[in-house]
Structure formats: C-alpha cells, structure tokens
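These notes are about the structure you will find just below.
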Amino acid sequence: MSVMRVARVGAAAAVVALLAVAGCGTKADPEDPSDASPGQTPSQASPSRKPAPTAVRLPPPHAGFDYQIGGAYPPPRGVRIVSRDRTASPAPGLYNICYVNAFQAQPGAEKTWPADLLLRDDSGEVVIDQDWNEALLDIGTATKRARVATRINQWIDGCAAKGFDAVEPDNYDSYTRSDNLLSAQDAAAFMTLLSVHAHARHLAIGQKNTLELAGQRKRTGLDFAVTEECGQYDECDAYAKAFDNHVVDVEYTDGGLRKALAGYGDRLSIVRRDRDVSTPDDPGYVRRTD
C-alpha cells in the first residue's frame, strides 16, 4: 500500500518558488538536452527533451475532493475528485488521480530494482528515506533516469488502462533527502520524462508538494498540483498562483483545514483527512470539508 507524504517546506522555499515563477531563478535551465559529462556534478544534469503540449483533462476547480491512497472506498456525497493508489480501480463517474511512488521504492520493493538503480552513498550503502524506510532511486544521470522511467511509465500505462484521468508521482522532493547526491535539476529532468509519457497516454500529471520547483511546472510539463498541508504551512497562495488554482489539497489537522478554507475555500479543492488516510471502517478515520 502506498503511503502519503506530509510536506515540510518552509517560508524560504515559498520565496524560492515565487522567484522561479517570476523567472528569477538562477539554476541551470532544465531544458538543456545535454547530460552530465565526466567531472560534472549531478546538479548539472538536464532533461533530454521538453514536453510537447498535449490536450489533457484537468481536475475540476474548487470541487469536492477525497484522498484515498490508503485504501479505496465509496466516495462520500459531493465528491468529484478522488486520488487512489495505482493498484486500486478508479471511482466510476468521477475525476480520478492515480498515485504512483515514482522517486523512491516502497519498503521491501527495493529488492525488485536493479542494484545500480538504487541511490548509493560514497560507501556503497543505499540511501534511505528514514521517515518512511524507502530506498531512493538513482536519477542522477540521463541513462539512469531513462531506465527508472521505463518501469514507472509501465505503472502510468496501468493507470491509463484502468481509466484514471491523471497521475500523481510522489516524492518529487526526494533529492532533498539524498545527502546532496541528487539535485533539483535531476528531479525536474526525471519528472519531464514522466510528463511526456503521461501526456502521450492522455493523462494529466500533478506536482506532488515540492513548492520550490513549482516555478518549473511548464518546463517539466506539470498540469496541476496535489498538496499536503498547504494551509498548515501557508503555501496555498504560491501553489494557487503557480498552477492557476488547479490545486487539490489535503490537510491533516483541523487548524490547517480552517486556514486553507479561510483563504482558498472558494478556489481550491480541499479536504481534511487522517494522517494514515485510512478507510471508514478504521477507528482513526477522519474526513472533513468544513
């Protein structure tokens, strides 16, 4: 079962994102087709191609939303958008987002990946996201990005075949947990590959958290945002501006829900869920919209 991520991006990241949206960033252009040559650092690697414009259907703005990546169940009344794990089936008649853990391996699943596609430190040890016990995938070169994307794109194909409308690749921000072995440019380059493929399958693709890269959304081909706790962390405004209000937000506290609704309840799709995103038969289940 896929596990949710809780964004912890601070005010400084929001400033970076707003500068990037305005075109004031100083990082290398991720559209540069060249890959890192010998002697270059991972931050100098770039995507191989720019996503071609493709007509896809975006989530309806300001619509009832439910975040069900912890387990599928009948959507409550008024829900028009549902996000579910790629192993689940879409909800009939609704806008369905397919969750895919794209930048890290689920606990135990690292054994199914080629050893050289797991990110390793200078000692040869696999780099682990300690919060979720997940191995980071190595997307530090164009060759490795292409190989990792081959598998993730098969999952995206599965989402399309099941009838999902969009895909939500998680852990876009895994480079921040890579001990500087990966860079923001590596992440953007890999996301570009996923965007090209998703659009070819007529799926919209959402940016999951990672506010600091919101300014690159058009370069990477991202269509909308899936945010965790943008109200709690005062990030909704930056996401709303970067994605023209095409934002679905899940809050995990009552305070976060109140803040999100107070500022953006008439613009964004917002729901309060429990942190385990459990199903209604679980004692810890929480779902609120007001």
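Ligands are numbered from 1 in the order shown, residues from 1 within each chain, and chains are lettered A, B, ... in the order they appear in the structure tokens.
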
task = Could you pull out the residues in stretch 89-163 of chain A that DSSP calls alpha helix (DSSP H) from the backbone, as an MDAnalysis selection string?
result = chainID A and resid 142:162

Output N, CA and C atoms for every residue in that selection, as a PDB file, in the first residue's frame.
```
ATOM      1  N   ALA A 142      21.231  10.878 -17.188  1.00  0.00           N
ATOM      2  CA  ALA A 142      20.179  10.684 -18.185  1.00  0.00           C
ATOM      3  C   ALA A 142      19.924   9.201 -18.431  1.00  0.00           C
ATOM      4  N   THR A 143      20.988   8.395 -18.445  1.00  0.00           N
ATOM      5  CA  THR A 143      20.833   6.962 -18.688  1.00  0.00           C
ATOM      6  C   THR A 143      20.029   6.305 -17.575  1.00  0.00           C
ATOM      7  N   LYS A 144      20.356   6.625 -16.326  1.00  0.00           N
ATOM      8  CA  LYS A 144      19.627   6.018 -15.217  1.00  0.00           C
ATOM      9  C   LYS A 144      18.195   6.551 -15.141  1.00  0.00           C
ATOM     10  N   ARG A 145      18.009   7.828 -15.431  1.00  0.00           N
ATOM     11  CA  ARG A 145      16.646   8.360 -15.438  1.00  0.00           C
ATOM     12  C   ARG A 145      15.783   7.604 -16.441  1.00  0.00           C
ATOM     13  N   ALA A 146      16.337   7.348 -17.606  1.00  0.00           N
ATOM     14  CA  ALA A 146      15.576   6.645 -18.637  1.00  0.00           C
ATOM     15  C   ALA A 146      15.219   5.232 -18.186  1.00  0.00           C
ATOM     16  N   ARG A 147      16.156   4.571 -17.509  1.00  0.00           N
ATOM     17  CA  ARG A 147      15.887   3.200 -17.054  1.00  0.00           C
ATOM     18  C   ARG A 147      14.838   3.175 -15.954  1.00  0.00           C
ATOM     19  N   VAL A 148      14.939   4.107 -15.008  1.00  0.00           N
ATOM     20  CA  VAL A 148      13.928   4.162 -13.945  1.00  0.00           C
ATOM     21  C   VAL A 148      12.570   4.516 -14.551  1.00  0.00           C
ATOM     22  N   ALA A 149      12.566   5.468 -15.480  1.00  0.00           N
ATOM     23  CA  ALA A 149      11.314   5.888 -16.095  1.00  0.00           C
ATOM     24  C   ALA A 149      10.639   4.753 -16.850  1.00  0.00           C
ATOM     25  N   THR A 150      11.417   3.823 -17.388  1.00  0.00           N
ATOM     26  CA  THR A 150      10.830   2.695 -18.108  1.00  0.00           C
ATOM     27  C   THR A 150       9.864   1.934 -17.209  1.00  0.00           C
ATOM     28  N   ARG A 151      10.261   1.706 -15.954  1.00  0.00           N
ATOM     29  CA  ARG A 151       9.380   0.983 -15.034  1.00  0.00           C
ATOM     30  C   ARG A 151       8.219   1.864 -14.577  1.00  0.00           C
ATOM     31  N   ILE A 152       8.511   3.093 -14.185  1.00  0.00           N
ATOM     32  CA  ILE A 152       7.439   3.969 -13.709  1.00  0.00           C
ATOM     33  C   ILE A 152       6.417   4.201 -14.812  1.00  0.00           C
ATOM     34  N   ASN A 153       6.891   4.332 -16.044  1.00  0.00           N
ATOM     35  CA  ASN A 153       5.966   4.550 -17.144  1.00  0.00           C
ATOM     36  C   ASN A 153       5.074   3.343 -17.402  1.00  0.00           C
ATOM     37  N   GLN A 154       5.542   2.162 -17.071  1.00  0.00           N
ATOM     38  CA  GLN A 154       4.675   0.986 -17.150  1.00  0.00           C
ATOM     39  C   GLN A 154       3.533   1.103 -16.141  1.00  0.00           C
ATOM     40  N   TRP A 155       3.844   1.641 -14.964  1.00  0.00           N
ATOM     41  CA  TRP A 155       2.786   1.873 -13.972  1.00  0.00           C
ATOM     42  C   TRP A 155       1.817   2.935 -14.469  1.00  0.00           C
ATOM     43  N   ILE A 156       2.351   3.977 -15.104  1.00  0.00           N
ATOM     44  CA  ILE A 156       1.487   5.008 -15.677  1.00  0.00           C
ATOM     45  C   ILE A 156       0.595   4.409 -16.765  1.00  0.00           C
ATOM     46  N   ASP A 157       1.142   3.507 -17.559  1.00  0.00           N
ATOM     47  CA  ASP A 157       0.329   2.799 -18.552  1.00  0.00           C
ATOM     48  C   ASP A 157      -0.823   2.061 -17.875  1.00  0.00           C
ATOM     49  N   GLY A 158      -0.528   1.458 -16.729  1.00  0.00           N
ATOM     50  CA  GLY A 158      -1.567   0.752 -15.987  1.00  0.00           C
ATOM     51  C   GLY A 158      -2.657   1.686 -15.508  1.00  0.00           C
ATOM     52  N   CYS A 159      -2.255   2.877 -15.069  1.00  0.00           N
ATOM     53  CA  CYS A 159      -3.248   3.878 -14.653  1.00  0.00           C
ATOM     54  C   CYS A 159      -4.161   4.234 -15.818  1.00  0.00           C
ATOM     55  N   ALA A 160      -3.555   4.446 -16.983  1.00  0.00           N
ATOM     56  CA  ALA A 160      -4.343   4.804 -18.157  1.00  0.00           C
ATOM     57  C   ALA A 160      -5.278   3.674 -18.561  1.00  0.00           C
ATOM     58  N   ALA A 161      -4.768   2.454 -18.519  1.00  0.00           N
ATOM     59  CA  ALA A 161      -5.575   1.309 -18.927  1.00  0.00           C
ATOM     60  C   ALA A 161      -6.784   1.119 -18.013  1.00  0.00           C
ATOM     61  N   LYS A 162      -6.628   1.465 -16.742  1.00  0.00           N
ATOM     62  CA  LYS A 162      -7.738   1.321 -15.802  1.00  0.00           C
ATOM     63  C   LYS A 162      -8.782   2.425 -15.946  1.00  0.00           C
TER      64      LYS A 162
END
```

Can you list, as a JSON list (two decimals) with C-alpha atoms, in the first residue's frame, every protein, DNA or RNA residue that comes within 6 Å of stretch 109-123 of chain A when you count only C-alpha atoms, leaving out same-chain residues fewer than 6 positions away?
```
[["chain", "number", "residue", "atom", "x", "y", "z"],
["A", 136, "LEU", "CA", 15.81, 6.45, -3.08],
["A", 137, "LEU", "CA", 16.04, 5.70, -6.79],
["A", 138, "ASP", "CA", 19.12, 6.91, -8.64]]
```

request  = Write out as a PyMOL selection string each polymer residue whose atoms come within 8 Å of stretch 53-62 of chain A, counting only C-alpha atoms; drop sequence neighbours fewer than 2 positions from it.
outcome  = chain A and resi 51+64+80-81+95+165-166+199-200+202-204+221+223-224+245-247+265-270

request  = List every residue of stretch 25-254 of chain A that DSSP, applied to the backbone, labels as strand (DSSP E), and write the result as a PyMOL selection string.
outcome  = chain A and resi 64-68+79-85+95-101+128-129+134-135+166-170+204-208+224-228+247-251

query = Nearest to A:Tyr285: which of A:Glu235, A:Glu168, A:Phe65, A:Tyr73 is it, counting only C-alpha atoms?
reply =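 Between A:Glu235, A:Glu168, A:Phe65, A:Tyr73, the residue approaching A:Tyr285 most closely is A:Tyr73.
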
request  = Have a look at A:Arg272, A:Arg201, A:Arg219, A:Lys208 and name the one nearest to A:Gln185; count only C-alpha atoms.
outcome  =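 Using only C-alpha atoms, A:Gln185 sits closest to A:Arg219.
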
inquiry  = List the spatial neighbours of A:Leu222 as a PyMOL selection string - criterion: any atom at most 10 Å away, only C-alpha atoms, same-chain residues fewer than 4 positions off excluded.
reply    = chain A and resi 51+191-192+194-196+198-199+204-208+214+216-218+243

query = Using only C-alpha atoms, which residue out of A:Asn180, A:Gln106, A:Tyr252, A:Val167 lies closest to A:Arg84?
reply = A:Val167
